[in-house]
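Pasting final-v6.tsv here (TSV, C-alpha atoms):
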```tsv
chain	number	residue	atom	x	y	z
V	167	MET	CA	78.54	46.07	41.70
V	168	GLU	CA	75.10	46.89	43.14
V	169	GLY	CA	74.24	49.27	40.31
V	170	ASN	CA	75.11	46.66	37.71
V	171	VAL	CA	73.18	43.90	39.42
V	172	LYS	CA	70.17	46.16	39.81
V	173	ILE	CA	70.06	46.95	36.10
V	174	LEU	CA	70.61	43.30	35.15
V	175	MET	CA	67.81	42.18	37.47
V	176	GLU	CA	65.42	44.78	36.10
V	177	GLU	CA	66.19	43.52	32.62
V	178	LEU	CA	65.72	39.90	33.67
V	179	LYS	CA	62.32	40.61	35.20
V	180	ASN	CA	61.22	42.66	32.18
V	181	ILE	CA	62.30	39.93	29.77
V	182	SER	CA	60.55	37.19	31.73
V	183	GLU	CA	57.25	39.08	31.62
V	184	LEU	CA	57.65	39.98	27.96
V	185	MET	CA	58.38	36.30	27.21
V	186	LEU	CA	55.17	35.22	28.88
V	187	ASP	CA	53.07	37.74	26.96
V	188	LEU	CA	54.78	36.78	23.72
V	189	ALA	CA	54.35	33.07	24.41
V	190	TYR	CA	50.60	33.43	24.95
V	191	SER	CA	50.43	35.59	21.80
V	192	SER	CA	52.34	33.00	19.79
V	193	ILE	CA	49.83	30.35	20.79
V	194	LEU	CA	46.81	32.61	20.21
V	195	PHE	CA	47.93	33.58	16.72
V	196	GLU	CA	49.72	30.26	16.05
V	197	ASN	CA	52.71	32.36	15.06
V	198	LYS	CA	56.11	30.67	14.93
V	199	GLU	CA	58.05	33.92	14.49
V	200	ILE	CA	56.79	35.19	17.83
V	201	ALA	CA	57.55	31.79	19.38
V	202	GLU	CA	61.11	31.93	17.98
V	203	GLU	CA	61.60	35.32	19.65
V	204	VAL	CA	60.69	33.75	22.99
V	205	LEU	CA	63.45	31.19	22.50
V	206	LEU	CA	65.95	33.94	21.65
V	207	LEU	CA	64.91	35.85	24.76
V	208	TYR	CA	65.48	32.74	26.82
V	209	GLU	CA	69.10	32.71	25.65
V	210	LYS	CA	69.43	36.38	26.57
V	211	MET	CA	67.95	35.55	29.95
V	212	GLU	CA	70.57	32.87	30.56
V	213	GLU	CA	73.31	35.37	29.74
V	214	LEU	CA	71.82	37.86	32.18
V	215	GLU	CA	71.58	35.21	34.87
V	216	GLU	CA	75.25	34.34	34.41
V	217	LYS	CA	76.29	37.99	34.61
V	218	ILE	CA	74.25	38.55	37.78
V	219	TYR	CA	75.80	35.55	39.49
V	220	MET	CA	79.30	36.57	38.43
V	221	HIS	CA	78.82	40.00	40.01
V	222	LEU	CA	77.29	38.54	43.14
V	223	PHE	CA	79.87	35.87	43.74
V	224	ALA	CA	82.70	38.30	43.08
V	225	ALA	CA	81.23	40.67	45.66
V	226	SER	CA	80.56	37.95	48.22
V	227	ARG	CA	84.11	36.58	48.08
V	228	GLY	CA	82.87	33.07	48.43
V	229	ARG	CA	80.52	33.67	51.33
V	230	LYS	CA	76.99	32.53	50.59
V	231	SER	CA	75.04	34.95	52.74
V	232	GLU	CA	71.29	35.03	53.30
V	233	ARG	CA	71.02	38.32	51.41
V	234	LEU	CA	72.83	36.78	48.48
V	235	ILE	CA	70.39	33.89	48.42
V	236	SER	CA	67.47	36.34	48.35
V	237	VAL	CA	68.77	37.69	45.04
V	238	MET	CA	69.04	34.15	43.72
V	239	ASP	CA	65.39	33.57	44.73
V	240	VAL	CA	64.24	36.49	42.60
V	241	VAL	CA	66.46	35.49	39.68
V	242	GLU	CA	65.08	31.95	39.96
V	243	CYS	CA	61.51	33.24	39.91
V	244	ALA	CA	62.04	35.28	36.74
V	245	LYS	CA	63.87	32.35	35.20
V	246	THR	CA	61.04	29.93	35.95
V	247	VAL	CA	58.53	32.31	34.36
V	248	GLY	CA	60.76	32.48	31.29
V	249	SER	CA	61.04	28.69	31.16
V	250	ALA	CA	57.28	28.33	31.23
V	251	ALA	CA	57.03	30.78	28.32
V	252	LYS	CA	59.74	28.91	26.44
V	253	GLN	CA	57.95	25.58	26.80
V	254	LEU	CA	54.70	27.03	25.54
V	255	SER	CA	56.47	28.56	22.55
V	256	GLU	CA	58.16	25.29	21.74
V	257	SER	CA	54.82	23.62	21.28
V	258	VAL	CA	53.89	26.40	18.84
V	259	ILE	CA	57.12	25.87	16.91
V	260	GLN	CA	56.44	22.14	16.77
V	261	GLY	CA	53.14	23.05	15.14
V	262	LYS	CA	51.02	21.13	17.62
V	263	LYS	CA	47.31	21.15	16.93
V	264	LEU	CA	45.58	23.47	19.36
V	265	HIS	CA	42.30	22.96	21.13
V	266	SER	CA	39.83	25.72	20.27
V	267	VAL	CA	39.22	26.35	23.96
V	268	ILE	CA	42.73	27.81	24.31
V	269	LYS	CA	42.17	30.69	21.93
V	270	GLU	CA	38.84	31.51	23.49
V	271	ALA	CA	40.35	31.53	26.97
V	272	LEU	CA	43.30	33.69	25.91
V	273	LYS	CA	41.09	36.19	24.12
V	274	GLU	CA	38.84	36.68	27.10
V	275	SER	CA	41.23	36.53	30.02
V	276	GLU	CA	41.77	39.64	32.13
V	277	GLU	CA	44.95	40.44	30.27
V	278	SER	CA	43.60	39.98	26.80
V	279	ILE	CA	45.76	39.94	23.73
V	280	VAL	CA	44.85	42.04	20.72
V	281	LYS	CA	46.16	42.17	17.15
V	282	LEU	CA	45.28	45.22	15.09
V	283	ILE	CA	46.24	46.93	11.86
V	284	VAL	CA	47.13	50.62	11.83
V	285	GLU	CA	45.11	52.35	9.15
V	286	GLU	CA	46.42	55.05	6.83
V	287	ASN	CA	45.06	58.17	8.50
V	288	SER	CA	44.55	56.81	11.98
V	289	TYR	CA	45.53	58.61	15.16
V	290	LEU	CA	48.41	56.17	15.69
V	291	SER	CA	49.94	56.59	12.23
V	292	ASN	CA	53.39	58.14	11.99
V	293	LYS	CA	53.67	58.75	15.71
V	294	LYS	CA	56.15	57.48	18.26
V	295	ILE	CA	54.96	55.10	20.97
V	296	GLY	CA	56.40	57.45	23.60
V	297	ASP	CA	54.48	60.44	22.24
V	298	LEU	CA	51.24	58.44	22.07
V	299	LYS	CA	51.75	57.20	25.64
V	300	ILE	CA	49.79	54.10	24.68
V	301	ARG	CA	50.36	52.24	27.93
V	302	THR	CA	49.46	55.17	30.16
V	303	ASN	CA	46.47	56.24	28.06
V	304	THR	CA	44.94	52.84	27.32
V	305	GLY	CA	46.54	50.41	29.75
V	306	VAL	CA	47.67	48.34	26.78
V	307	ASN	CA	51.28	47.18	26.62
V	308	VAL	CA	52.50	46.94	23.02
V	309	ILE	CA	54.68	43.83	22.93
V	310	ALA	CA	55.30	43.47	19.20
V	311	ILE	CA	54.90	45.32	15.92
V	312	LYS	CA	55.13	43.83	12.46
V	313	SER	CA	56.25	46.58	10.12
V	314	GLY	CA	56.39	45.32	6.55
V	315	ASP	CA	58.19	41.97	6.78
V	316	LYS	CA	60.06	42.89	9.91
V	317	TRP	CA	59.07	42.14	13.48
V	318	ILE	CA	59.92	44.59	16.24
V	319	PHE	CA	59.64	42.92	19.62
V	320	ASP	CA	59.28	44.96	22.82
V	321	PRO	CA	59.24	48.30	20.97
V	322	ASP	CA	60.41	51.29	23.00
V	323	LYS	CA	59.18	54.86	23.22
V	324	ASN	CA	61.19	55.85	20.15
V	325	THR	CA	59.57	53.24	17.89
V	326	ASN	CA	57.59	54.88	15.10
V	327	ILE	CA	54.19	53.43	14.25
V	328	LEU	CA	53.58	53.40	10.52
V	329	PRO	CA	50.38	52.94	8.52
V	330	GLY	CA	49.95	49.26	7.74
V	331	ASP	CA	51.81	48.13	10.86
V	332	ILE	CA	50.39	45.19	12.77
V	333	ILE	CA	50.39	45.78	16.50
V	334	ILE	CA	50.14	43.10	19.17
V	335	GLY	CA	49.19	44.41	22.58
V	336	VAL	CA	48.24	43.07	25.99
V	337	GLY	CA	45.73	44.80	28.23
V	338	THR	CA	42.17	44.89	29.50
V	339	SER	CA	39.53	44.23	26.88
V	340	GLU	CA	38.34	47.81	27.35
V	341	GLY	CA	41.83	49.19	26.77
V	342	CYS	CA	42.28	46.95	23.74
V	343	GLU	CA	39.03	48.28	22.28
V	344	LYS	CA	40.23	51.84	22.86
V	345	LEU	CA	43.47	51.11	21.01
V	346	LYS	CA	41.56	49.41	18.19
V	347	VAL	CA	39.53	52.57	17.65
V	348	MET	CA	42.70	54.70	17.64
V	349	ALA	CA	44.18	52.41	14.98
V	350	LYS	CA	41.16	53.06	12.75
V	351	SER	CA	39.94	56.54	13.43
V	352	SER	CA	41.86	59.81	13.16
V	353	GLU	CA	40.80	60.88	16.62
V	354	LYS	CA	42.19	60.06	20.00
V	355	ILE	CA	39.48	58.67	22.24
O	13	MET	CA	32.33	21.07	28.53
O	14	GLU	CA	34.14	23.63	26.34
O	15	GLY	CA	32.46	26.62	27.98
O	16	ASN	CA	33.42	25.38	31.43
O	17	VAL	CA	37.00	24.66	30.50
O	18	LYS	CA	37.32	28.06	28.85
O	19	ILE	CA	36.20	29.87	31.99
O	20	LEU	CA	38.41	27.72	34.22
O	21	MET	CA	41.43	28.38	32.01
O	22	GLU	CA	40.79	32.12	31.97
O	23	GLU	CA	40.67	32.05	35.74
O	24	LEU	CA	43.84	29.97	35.96
O	25	LYS	CA	45.75	32.39	33.73
O	26	ASN	CA	44.45	35.43	35.63
O	27	ILE	CA	45.39	33.89	38.97
O	28	SER	CA	48.88	32.97	37.83
O	29	GLU	CA	49.57	36.55	36.73
O	30	LEU	CA	48.04	38.02	39.87
O	31	MET	CA	50.19	35.67	41.95
O	32	LEU	CA	53.34	36.86	40.24
O	33	ASP	CA	52.50	40.53	40.80
O	34	LEU	CA	51.58	39.83	44.42
O	35	ALA	CA	54.74	37.81	45.00
O	36	TYR	CA	56.97	40.62	43.75
O	37	SER	CA	54.95	43.08	45.88
O	38	SER	CA	55.32	40.88	48.95
O	39	ILE	CA	59.09	40.89	48.54
O	40	LEU	CA	59.26	44.63	47.79
O	41	PHE	CA	57.24	45.56	50.86
O	42	GLU	CA	58.44	42.57	52.93
O	43	ASN	CA	54.79	41.85	53.60
O	44	LYS	CA	53.83	38.41	54.87
O	45	GLU	CA	50.08	38.96	54.46
O	46	ILE	CA	50.50	39.46	50.74
O	47	ALA	CA	52.79	36.43	50.60
O	48	GLU	CA	50.17	34.33	52.43
O	49	GLU	CA	47.60	35.30	49.81
O	50	VAL	CA	49.91	33.94	47.11
O	51	LEU	CA	49.97	30.59	48.91
O	52	LEU	CA	46.18	30.58	49.15
O	53	LEU	CA	45.93	31.37	45.45
O	54	TYR	CA	48.21	28.45	44.72
O	55	GLU	CA	45.73	26.13	46.39
O	56	LYS	CA	42.93	27.66	44.34
O	57	MET	CA	45.05	27.12	41.26
O	58	GLU	CA	45.46	23.44	42.06
O	59	GLU	CA	41.70	23.07	42.40
O	60	LEU	CA	41.20	24.78	39.05
O	61	GLU	CA	43.77	22.51	37.44
O	62	GLU	CA	42.00	19.44	38.76
O	63	LYS	CA	38.64	20.66	37.48
O	64	ILE	CA	40.05	21.41	34.03
O	65	TYR	CA	41.57	17.96	33.75
O	66	MET	CA	38.38	16.29	34.95
O	67	HIS	CA	36.40	18.04	32.22
O	68	LEU	CA	38.99	17.28	29.60
O	69	PHE	CA	39.40	13.62	30.37
O	70	ALA	CA	35.67	13.10	30.62
O	71	ALA	CA	35.28	14.66	27.18
O	72	SER	CA	38.15	12.73	25.65
O	73	ARG	CA	36.85	9.35	26.86
O	74	GLY	CA	40.35	8.16	27.53
O	75	ARG	CA	41.90	9.26	24.25
O	76	LYS	CA	44.89	11.51	24.76
O	77	SER	CA	44.70	13.59	21.62
O	78	GLU	CA	47.14	16.24	20.45
O	79	ARG	CA	44.55	18.95	21.01
O	80	LEU	CA	44.05	17.76	24.56
O	81	ILE	CA	47.77	17.98	25.19
O	82	SER	CA	47.79	21.56	23.91
O	83	VAL	CA	45.41	22.51	26.72
O	84	MET	CA	47.66	20.76	29.21
O	85	ASP	CA	50.60	22.80	27.87
O	86	VAL	CA	48.82	26.06	28.64
O	87	VAL	CA	47.67	24.83	32.06
O	88	GLU	CA	51.23	23.76	32.80
O	89	CYS	CA	52.56	27.19	31.80
O	90	ALA	CA	50.18	29.04	34.12
O	91	LYS	CA	50.93	26.54	36.86
O	92	THR	CA	54.69	27.02	36.53
O	93	VAL	CA	54.26	30.80	36.75
O	94	GLY	CA	52.19	30.30	39.89
O	95	SER	CA	54.82	27.98	41.37
O	96	ALA	CA	57.53	30.57	40.80
O	97	ALA	CA	55.37	33.15	42.61
O	98	LYS	CA	54.72	30.69	45.44
O	99	GLN	CA	58.42	30.03	45.98
O	100	LEU	CA	59.21	33.73	46.10
O	101	SER	CA	56.43	34.31	48.62
O	102	GLU	CA	57.66	31.46	50.78
O	103	SER	CA	60.98	33.18	51.24
O	104	VAL	CA	59.08	36.29	52.38
O	105	ILE	CA	57.09	34.22	54.86
O	106	GLN	CA	60.29	32.68	56.18
O	107	GLY	CA	61.46	36.23	56.85
O	108	LYS	CA	64.67	35.88	54.85
O	109	LYS	CA	66.92	38.92	54.88
O	110	LEU	CA	66.72	40.67	51.54
O	111	HIS	CA	69.50	42.21	49.54
O	112	SER	CA	68.89	45.94	48.97
O	113	VAL	CA	69.42	45.48	45.25
O	114	ILE	CA	66.13	43.54	44.99
O	115	LYS	CA	63.95	46.43	46.11
O	116	GLU	CA	65.73	48.85	43.83
O	117	ALA	CA	65.33	46.53	40.86
O	118	LEU	CA	61.64	45.91	41.58
O	119	LYS	CA	60.91	49.61	41.99
O	120	GLU	CA	62.48	50.54	38.70
O	121	SER	CA	61.55	47.64	36.47
O	122	GLU	CA	59.23	48.25	33.53
O	123	GLU	CA	56.28	46.98	35.51
O	124	SER	CA	56.90	48.95	38.63
O	125	ILE	CA	55.02	48.37	41.84
O	126	VAL	CA	53.55	51.28	43.75
O	127	LYS	CA	52.01	51.60	47.21
O	128	LEU	CA	49.97	54.71	47.94
O	129	ILE	CA	47.53	56.06	50.48
O	130	VAL	CA	44.20	57.50	49.39
O	131	GLU	CA	43.77	60.92	50.94
O	132	GLU	CA	40.53	62.26	52.35
O	133	ASN	CA	39.36	64.49	49.53
O	134	SER	CA	41.26	62.90	46.70
O	135	TYR	CA	39.82	62.10	43.31
O	136	LEU	CA	39.88	58.37	44.13
O	137	SER	CA	37.99	58.68	47.43
O	138	ASN	CA	34.58	57.06	47.68
O	139	LYS	CA	34.55	55.90	44.09
O	140	LYS	CA	34.32	52.46	42.56
O	141	ILE	CA	37.31	51.05	40.68
O	142	GLY	CA	35.07	50.41	37.69
O	143	ASP	CA	33.86	54.02	37.60
O	144	LEU	CA	37.40	55.35	37.92
O	145	LYS	CA	38.60	53.02	35.12
O	146	ILE	CA	42.02	53.07	36.74
O	147	ARG	CA	43.57	50.45	34.49
O	148	THR	CA	42.34	52.03	31.26
O	149	ASN	CA	43.12	55.60	32.34
O	150	THR	CA	46.52	55.07	33.95
O	151	GLY	CA	47.70	51.66	32.80
O	152	VAL	CA	48.02	50.66	36.46
O	153	ASN	CA	46.54	47.35	37.58
O	154	VAL	CA	45.34	47.55	41.19
O	155	ILE	CA	46.26	44.18	42.70
O	156	ALA	CA	45.49	44.80	46.38
O	157	ILE	CA	43.82	47.28	48.71
O	158	LYS	CA	44.22	47.45	52.45
O	159	SER	CA	41.07	48.98	53.86
O	160	GLY	CA	41.35	49.40	57.61
O	161	ASP	CA	42.71	46.07	58.85
O	162	LYS	CA	41.34	44.11	55.94
O	163	TRP	CA	43.12	43.19	52.75
O	164	ILE	CA	41.19	43.00	49.49
O	165	PHE	CA	43.18	41.10	46.89
O	166	ASP	CA	42.42	41.42	43.19
O	167	PRO	CA	39.66	44.00	43.73
O	168	ASP	CA	37.00	44.12	41.02
O	169	LYS	CA	35.16	46.98	39.39
O	170	ASN	CA	32.61	47.10	42.23
O	171	THR	CA	35.23	47.61	44.93
O	172	ASN	CA	34.82	50.99	46.62
O	173	ILE	CA	37.96	53.00	47.34
O	174	LEU	CA	37.77	54.72	50.70
O	175	PRO	CA	39.84	57.53	52.19
O	176	GLY	CA	42.76	56.04	54.10
O	177	ASP	CA	42.90	52.93	51.92
O	178	ILE	CA	46.31	51.68	50.94
O	179	ILE	CA	46.48	50.71	47.28
O	180	ILE	CA	49.08	48.46	45.69
O	181	GLY	CA	49.28	48.74	41.92
O	182	VAL	CA	51.46	47.50	39.09
O	183	GLY	CA	52.15	49.60	35.99
O	184	THR	CA	54.61	51.86	34.22
O	185	SER	CA	56.37	54.38	36.45
O	186	GLU	CA	54.54	57.13	34.58
O	187	GLY	CA	51.16	55.51	35.22
O	188	CYS	CA	52.03	54.95	38.87
O	189	GLU	CA	52.90	58.64	39.23
O	190	LYS	CA	49.56	59.55	37.66
O	191	LEU	CA	47.72	57.36	40.15
O	192	LYS	CA	49.74	58.80	43.03
O	193	VAL	CA	48.60	62.29	42.10
O	194	MET	CA	44.97	61.13	41.89
O	195	ALA	CA	45.29	59.66	45.39
O	196	LYS	CA	46.37	63.05	46.71
O	197	SER	CA	44.68	65.70	44.69
O	198	SER	CA	40.98	66.21	44.14
O	199	GLU	CA	41.39	66.42	40.40
O	200	LYS	CA	41.69	63.76	37.78
O	201	ILE	CA	44.84	64.23	35.75
```

Once you've parsed the file, please lay out its structure as structure tokens.
Amino acid sequence: MEGNVKILMEELKNISELMLDLAYSSILFENKEIAEEVLLLYEKMEELEEKIYMHLFAASRGRKSERLISVMDVVECAKTVGSAAKQLSESVIQGKKLHSVIKEALKESEESIVKLIVEENSYLSNKKIGDLKIRTNTGVNVIAIKSGDKWIFDPDKNTNILPGDIIIGVGTSEGCEKLKVMAKSSEKI
Amino acid sequence: MEGNVKILMEELKNISELMLDLAYSSILFENKEIAEEVLLLYEKMEELEEKIYMHLFAASRGRKSERLISVMDVVECAKTVGSAAKQLSESVIQGKKLHSVIKEALKESEESIVKLIVEENSYLSNKKIGDLKIRTNTGVNVIAIKSGDKWIFDPDKNTNILPGDIIIGVGTSEGCEKLKVMAKSSEKI
């Protein structure tokens, strides 16, 4: 059971952090599609939570040990982060009018959010995320790509970046600038 | 007022994310000092929240507009993330016994946490974080440094890295490996 629970917990933590980044992005770009994805991820998160608890309780045979509770603490933490993201996204879906100060704060916070378009002959064009090693080389985490009409959320290393794609990433402002240049110019910087 | 609120909100968001990273680190390394810092940051967060609301309500002259509520939504989101981190850290402070599966999951999640020691003649030794551009060059966010007996949380670009320092960073496993090598070898990789 431990192996299963480990993988489920990793996934839960990853999803909660992705949700938060997506939620802030949805509010920054007033984008309901991104906000909807956060709500879908919340459902996935609830499924994961259920699976984790099923494994744990089966293994504990009814005993509620201190070590068991420690797992529940971590699950609860990830879940709370996800809930916060969900609530933020709901206000985007409701189309609430946003105060201008929000966008300014989100743009300039330490983890800034960037949206960029991949140009035809840019360094990023027609390459896989894994081959570009975007995160390692720029510090920017690509959380979503809009390719044509289709959104790809949480793209993995095998996701191909195509000319015309819109990339949403989270990173330092310096890293975001680096990625912006790579999306325009043919050279890696 | 807008400029003030913007800066306060940036700080609030940064703190909430730092708290979460520190909380997971405190549980991974079963470190009460890191957990205590999370509790201190929560107090700072409450002060920030109060200041933001004071500015907002002064500016609104009693009207509770939709745009005002949108700011409260974002503040609430950051606050909830911080609360989740606080709760996790409290269980570390209480010295709860942890299930082994937690450490394994935290080590291998997408945002993995690394602890490393800076060796005497390593590339990182006696350099400033800003000059090393650690985040941009490795994707790893340095969240804490233990220098001698003293902890430096959320070090900035002017923080000097000294031989013997213990660094705690959050990033991809690949980025963490890169930083580990830099902490050992004299060459940048």

*Could you tell me which of V:Lys179, V:Gly337, V:Leu205, V:Ile311 comes closest to Leu272 of chain V if we count all atoms listed in the file?*
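That would be V:Gly337, the residue with the smallest distance to Leu272 of chain V.
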
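The interatomic distance for the pair atom CA of Ala96 of chain O and atom CA of Tyr54 of chain O works out to 10.3 Å.
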
*asked:* Give me, as a ChimeraX atom specification, the residues of chain O touching chain V, with the criterion being at most 8 Å (counting only C-alpha atoms).
replied: /O:14-15,17-19,21-23,25-26,78-80,82-83,85-86,88-90,92-93,96-97,99-100,103,108-111,113-114,116-118,120-123,147-152,184,186-187

Save out the residues we just selected, C-alpha atoms, as a PDB file, keeping the file's coordinate frame.
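Output contents, as saved in out_29.pdb:
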```pdb
ATOM      1  CA  GLU O  14      34.140  23.630  26.340  1.00  0.00           C
ATOM      2  CA  GLY O  15      32.460  26.620  27.980  1.00  0.00           C
ATOM      3  CA  VAL O  17      37.000  24.660  30.500  1.00  0.00           C
ATOM      4  CA  LYS O  18      37.320  28.060  28.850  1.00  0.00           C
ATOM      5  CA  ILE O  19      36.200  29.870  31.990  1.00  0.00           C
ATOM      6  CA  MET O  21      41.430  28.380  32.010  1.00  0.00           C
ATOM      7  CA  GLU O  22      40.790  32.120  31.970  1.00  0.00           C
ATOM      8  CA  GLU O  23      40.670  32.050  35.740  1.00  0.00           C
ATOM      9  CA  LYS O  25      45.750  32.390  33.730  1.00  0.00           C
ATOM     10  CA  ASN O  26      44.450  35.430  35.630  1.00  0.00           C
ATOM     11  CA  GLU O  78      47.140  16.240  20.450  1.00  0.00           C
ATOM     12  CA  ARG O  79      44.550  18.950  21.010  1.00  0.00           C
ATOM     13  CA  LEU O  80      44.050  17.760  24.560  1.00  0.00           C
ATOM     14  CA  SER O  82      47.790  21.560  23.910  1.00  0.00           C
ATOM     15  CA  VAL O  83      45.410  22.510  26.720  1.00  0.00           C
ATOM     16  CA  ASP O  85      50.600  22.800  27.870  1.00  0.00           C
ATOM     17  CA  VAL O  86      48.820  26.060  28.640  1.00  0.00           C
ATOM     18  CA  GLU O  88      51.230  23.760  32.800  1.00  0.00           C
ATOM     19  CA  CYS O  89      52.560  27.190  31.800  1.00  0.00           C
ATOM     20  CA  ALA O  90      50.180  29.040  34.120  1.00  0.00           C
ATOM     21  CA  THR O  92      54.690  27.020  36.530  1.00  0.00           C
ATOM     22  CA  VAL O  93      54.260  30.800  36.750  1.00  0.00           C
ATOM     23  CA  ALA O  96      57.530  30.570  40.800  1.00  0.00           C
ATOM     24  CA  ALA O  97      55.370  33.150  42.610  1.00  0.00           C
ATOM     25  CA  GLN O  99      58.420  30.030  45.980  1.00  0.00           C
ATOM     26  CA  LEU O 100      59.210  33.730  46.100  1.00  0.00           C
ATOM     27  CA  SER O 103      60.980  33.180  51.240  1.00  0.00           C
ATOM     28  CA  LYS O 108      64.670  35.880  54.850  1.00  0.00           C
ATOM     29  CA  LYS O 109      66.920  38.920  54.880  1.00  0.00           C
ATOM     30  CA  LEU O 110      66.720  40.670  51.540  1.00  0.00           C
ATOM     31  CA  HIS O 111      69.500  42.210  49.540  1.00  0.00           C
ATOM     32  CA  VAL O 113      69.420  45.480  45.250  1.00  0.00           C
ATOM     33  CA  ILE O 114      66.130  43.540  44.990  1.00  0.00           C
ATOM     34  CA  GLU O 116      65.730  48.850  43.830  1.00  0.00           C
ATOM     35  CA  ALA O 117      65.330  46.530  40.860  1.00  0.00           C
ATOM     36  CA  LEU O 118      61.640  45.910  41.580  1.00  0.00           C
ATOM     37  CA  GLU O 120      62.480  50.540  38.700  1.00  0.00           C
ATOM     38  CA  SER O 121      61.550  47.640  36.470  1.00  0.00           C
ATOM     39  CA  GLU O 122      59.230  48.250  33.530  1.00  0.00           C
ATOM     40  CA  GLU O 123      56.280  46.980  35.510  1.00  0.00           C
ATOM     41  CA  ARG O 147      43.570  50.450  34.490  1.00  0.00           C
ATOM     42  CA  THR O 148      42.340  52.030  31.260  1.00  0.00           C
ATOM     43  CA  ASN O 149      43.120  55.600  32.340  1.00  0.00           C
ATOM     44  CA  THR O 150      46.520  55.070  33.950  1.00  0.00           C
ATOM     45  CA  GLY O 151      47.700  51.660  32.800  1.00  0.00           C
ATOM     46  CA  VAL O 152      48.020  50.660  36.460  1.00  0.00           C
ATOM     47  CA  THR O 184      54.610  51.860  34.220  1.00  0.00           C
ATOM     48  CA  GLU O 186      54.540  57.130  34.580  1.00  0.00           C
ATOM     49  CA  GLY O 187      51.160  55.510  35.220  1.00  0.00           C
TER      50      GLY O 187
END
```

*Do you have the atom CA of Leu191 of chain O-atom CA of Gly160 of chain O distance handy?*
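Straight-line distance from atom CA of Leu191 of chain O to atom CA of Gly160 of chain O works out to 20.2 Å.
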
_Using all atoms listed in the file: which of O:Glu199, O:Glu59, O:Asp177, O:Asp143 has the shortest distance to Ile129 of chain O_ =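 Among the listed residues, the smallest separation from Ile129 of chain O belongs to O:Asp177.
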
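The two atoms in question, atom CA of Thr325 of chain V and atom CA of Ala349 of chain V, are spaced 15.7 Å apart.
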
Is there a way to get, as a JSON list (two decimals) with C-alpha atoms, in the frame of the given file, all residues within 12 Å of the point (49.2, 57.8, 17.2) in file coordinates, counting all atoms listed in the file?
```json
[["chain", "number", "residue", "atom", "x", "y", "z"],
["V", 284, "VAL", "CA", 47.13, 50.62, 11.83],
["V", 285, "GLU", "CA", 45.11, 52.35, 9.15],
["V", 286, "GLU", "CA", 46.42, 55.05, 6.83],
["V", 287, "ASN", "CA", 45.06, 58.17, 8.50],
["V", 288, "SER", "CA", 44.55, 56.81, 11.98],
["V", 289, "TYR", "CA", 45.53, 58.61, 15.16],
["V", 290, "LEU", "CA", 48.41, 56.17, 15.69],
["V", 291, "SER", "CA", 49.94, 56.59, 12.23],
["V", 292, "ASN", "CA", 53.39, 58.14, 11.99],
["V", 293, "LYS", "CA", 53.67, 58.75, 15.71],
["V", 294, "LYS", "CA", 56.15, 57.48, 18.26],
["V", 295, "ILE", "CA", 54.96, 55.10, 20.97],
["V", 296, "GLY", "CA", 56.40, 57.45, 23.60],
["V", 297, "ASP", "CA", 54.48, 60.44, 22.24],
["V", 298, "LEU", "CA", 51.24, 58.44, 22.07],
["V", 299, "LYS", "CA", 51.75, 57.20, 25.64],
["V", 300, "ILE", "CA", 49.79, 54.10, 24.68],
["V", 303, "ASN", "CA", 46.47, 56.24, 28.06],
["V", 325, "THR", "CA", 59.57, 53.24, 17.89],
["V", 326, "ASN", "CA", 57.59, 54.88, 15.10],
["V", 327, "ILE", "CA", 54.19, 53.43, 14.25],
["V", 328, "LEU", "CA", 53.58, 53.40, 10.52],
["V", 329, "PRO", "CA", 50.38, 52.94, 8.52],
["V", 331, "ASP", "CA", 51.81, 48.13, 10.86],
["V", 345, "LEU", "CA", 43.47, 51.11, 21.01],
["V", 346, "LYS", "CA", 41.56, 49.41, 18.19],
["V", 347, "VAL", "CA", 39.53, 52.57, 17.65],
["V", 348, "MET", "CA", 42.70, 54.70, 17.64],
["V", 349, "ALA", "CA", 44.18, 52.41, 14.98],
["V", 350, "LYS", "CA", 41.16, 53.06, 12.75],
["V", 351, "SER", "CA", 39.94, 56.54, 13.43],
["V", 352, "SER", "CA", 41.86, 59.81, 13.16],
["V", 353, "GLU", "CA", 40.80, 60.88, 16.62],
["V", 354, "LYS", "CA", 42.19, 60.06, 20.00],
["V", 355, "ILE", "CA", 39.48, 58.67, 22.24]]
```

*With only C-alpha atoms as the atoms that count, which of V:Lys210, V:Ser191, V:Lys198, V:Arg227 lies nearest to Val308 of chain V?*
V:Ser191

*Neighbours of Ile180 of chain O within 7 Å (all atoms listed in the file; same-chain residues fewer than 4 positions away dropped), as a ChimeraX atom specification?*
/O:126-128,154-157

The centre and edge lengths of an axis-aligned box containing all atoms of segment 102-105 of chain O present in the file, extended by 8 Å on each side, are to be given in Å to one decimal, as AutoDock Vina command-line options.
```
--center_x 59.0 --center_y 33.9 --center_z 52.8 --size_x 19.9 --size_y 20.8 --size_z 20.1
```
